[in-house]
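J.: Got a structure for you, written out below as structure tokens; questions coming shortly.
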Amino acid sequence: MNQLFRRMHYNLVNLFRGPRSMATMQEMILQMHLGHDKIIGSENGLPVRSMIIPSEHSNAFIRSGAKLLNSMRYGIVYPGMATLAITGNCNCACTHCIGGFNKGDDISAKQWIEGMRTLSELGVFVYLFLGGEPMMKEDLPEIISGIDQNKSIPVVFTNGSLIEERIDSLKQAGLNRVFVSIDYASEKHDKNRNHKGLFTKICRGIEAIKRRGMMVGLSTYTDKERFENGSLQSIIDMASEYKVDEVFMIDSLPAECVTKLQPKTSSDIESEKAIDRWIEQLWQSPDAPGIYWYKYVRSINSCGCFAGRSGLHISNNGDINPCFSIMDKFGNITEGNIKQSWLEMNRQISEESRKLNYKCLYTERLREQGSKD
């Protein structure tokens, strides 16, 4: 009798509290990953917490959760994110650029589509299209249209120079999320990118994206000088003015201090702490846009360094690398060995990453190299 009562009680509790508990757990997982609990927008009527994550309850979101649970059950690690240097061509010459890494000829649209089909089967739920400048890739719409968005979503990072010319064909192909890179919320940005008139094009491009009902974000980096002189706050103010959905912030390019072999000063450390506090205030402000704080996301509080552990990078010639800064080669997506390449890369990189307490692998390698020199 007692067992029957317990079973009835369990069923009643599960009926009324089960869905709420699952929803709460889902929200807590996303909050731990992002550092905040904001809903930054909606897509097809479904809530979006970040432009890097599929909308909640979408097929791609559910599938990513199922892959995560499967990974926990059987110890098989699947990649969730893939950055794609879709082309080595660019029409800017950014003073701070560490990306691009033009490796010769771009692979074809067909090769990209076939490779992404395998990556999506493997577990990739978001593709970040980088460059070079991705909108210079003539067949970018064809490549985006080849993505099964029941499994994965595309996100384009652009310098903003070609948005007005390309946005209609990209939207028609299935693109709905665009990040625009910006260093200064003024014409000073043009000088930093060596591209006259770029800031004006960015402003018009953001408006063009919003008119088409697409999600738009700004992408920038933090450093001591731009924080202290108010340049970063100006970018947040611009984001609020244009009602962008999210600002993607990467902490000051990680190699800069190491490559110069200059240790951080107490002033540098205090500035970093001040930036962290500022980000936390933006997370809590209902009037601020969403903030994807890359320093937090790749910290041990979230998921640690992505490289080769939960994500991978594909160069413009198809080479498979741990990330866009670490050029260790683990095969090529045109060779048909993507799954084996991922497993080998994940095994090697995970071992190295554990020894470094999941810190940025690129930075720690440079630090070690500098100490030897």
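Quick note on naming: the chains in the structure tokens go A, B, ... in the order shown, residues restart at 1 in each chain, and ligands are numbered from 1 in order of appearance.
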Which parts of stretch 164-227 of chain A does DSSP call strand (DSSP E or B) when run on the backbone here, written out as a PyMOL selection string?

T.: chain A and resi 177-181+215-222

J.: Using the chain letters and numbers from this document, which residues of stretch 153-295 of chain A does DSSP assign to helix (DSSP H, G or I), as a PyMOL selection string?

T.: chain A and resi 163-173+188-193+198-211+224-228+231-242+255-259+266-284+294-295

J.: Identify, on the basis of only C-alpha atoms, every residue whose closest approach to A:Ile113 does not exceed 8 Å; exclude the query and any residue fewer than 5 positions from it along the same chain; express the result as a PyMOL selection string.

T.: chain A and resi 143+146-147

J.: Taking 6 positions as the minimum chain separation for residues in the same chain, which residues sit within 8 Å of A:Phe157 when counting only C-alpha atoms? Answer as a compact mmCIF listing (two decimals) with all heavy atoms, in the first residue's frame.

T.:
# COMPACT_ATOMS: atom_id res chain seq x y z
N LEU A 128 30.02 29.80 -37.26
CA LEU A 128 30.39 31.21 -37.28
C LEU A 128 31.22 31.46 -38.52
O LEU A 128 32.36 30.99 -38.64
CB LEU A 128 31.19 31.58 -36.03
CG LEU A 128 30.56 31.23 -34.66
CD1 LEU A 128 31.41 31.80 -33.53
CD2 LEU A 128 29.12 31.75 -34.56
N PHE A 129 30.64 32.19 -39.47
CA PHE A 129 31.33 32.47 -40.73
C PHE A 129 32.23 33.69 -40.55
O PHE A 129 31.76 34.81 -40.32
CB PHE A 129 30.30 32.74 -41.84
CG PHE A 129 29.59 31.50 -42.30
CD1 PHE A 129 28.50 31.01 -41.62
CD2 PHE A 129 30.03 30.81 -43.43
CE1 PHE A 129 27.84 29.86 -42.04
CE2 PHE A 129 29.39 29.67 -43.87
CZ PHE A 129 28.30 29.19 -43.17
N LEU A 130 33.54 33.43 -40.66
CA LEU A 130 34.54 34.47 -40.52
C LEU A 130 35.25 34.66 -41.85
O LEU A 130 34.77 34.27 -42.88
CB LEU A 130 35.54 34.08 -39.42
CG LEU A 130 34.95 33.55 -38.09
CD1 LEU A 130 36.07 33.12 -37.17
CD2 LEU A 130 34.08 34.59 -37.42
N PRO A 134 33.67 37.47 -45.04
CA PRO A 134 32.78 36.45 -45.61
C PRO A 134 31.86 36.95 -46.72
O PRO A 134 31.51 36.20 -47.62
CB PRO A 134 31.98 35.94 -44.41
CG PRO A 134 32.21 36.94 -43.33
CD PRO A 134 33.53 37.57 -43.58
N VAL A 178 23.53 38.29 -37.89
CA VAL A 178 24.73 38.94 -38.40
C VAL A 178 25.38 39.77 -37.31
O VAL A 178 24.72 40.58 -36.65
CB VAL A 178 24.40 39.87 -39.59
CG1 VAL A 178 25.68 40.53 -40.12
CG2 VAL A 178 23.69 39.11 -40.70
N PHE A 179 26.69 39.55 -37.08
CA PHE A 179 27.48 40.40 -36.21
C PHE A 179 28.33 41.32 -37.08
O PHE A 179 28.95 40.87 -38.05
CB PHE A 179 28.42 39.57 -35.33
CG PHE A 179 27.79 39.03 -34.08
CD1 PHE A 179 27.42 37.70 -33.99
CD2 PHE A 179 27.60 39.85 -32.97
CE1 PHE A 179 26.85 37.19 -32.84
CE2 PHE A 179 27.02 39.35 -31.81
CZ PHE A 179 26.65 38.02 -31.74
N VAL A 180 28.37 42.60 -36.71
CA VAL A 180 29.16 43.59 -37.44
C VAL A 180 30.32 44.01 -36.54
O VAL A 180 30.11 44.47 -35.41
CB VAL A 180 28.32 44.82 -37.82
CG1 VAL A 180 29.15 45.77 -38.67
CG2 VAL A 180 27.06 44.39 -38.56
N SER A 181 31.54 43.86 -37.03
CA SER A 181 32.73 44.20 -36.24
C SER A 181 32.92 45.70 -36.17
O SER A 181 32.79 46.40 -37.18
CB SER A 181 33.97 43.55 -36.87
OG SER A 181 33.86 42.15 -36.87
N SER A 219 30.33 43.32 -32.84
CA SER A 219 31.46 42.51 -32.37
C SER A 219 32.64 43.43 -32.14
O SER A 219 33.01 44.21 -33.01
CB SER A 219 31.81 41.44 -33.41
OG SER A 219 33.01 40.77 -33.05
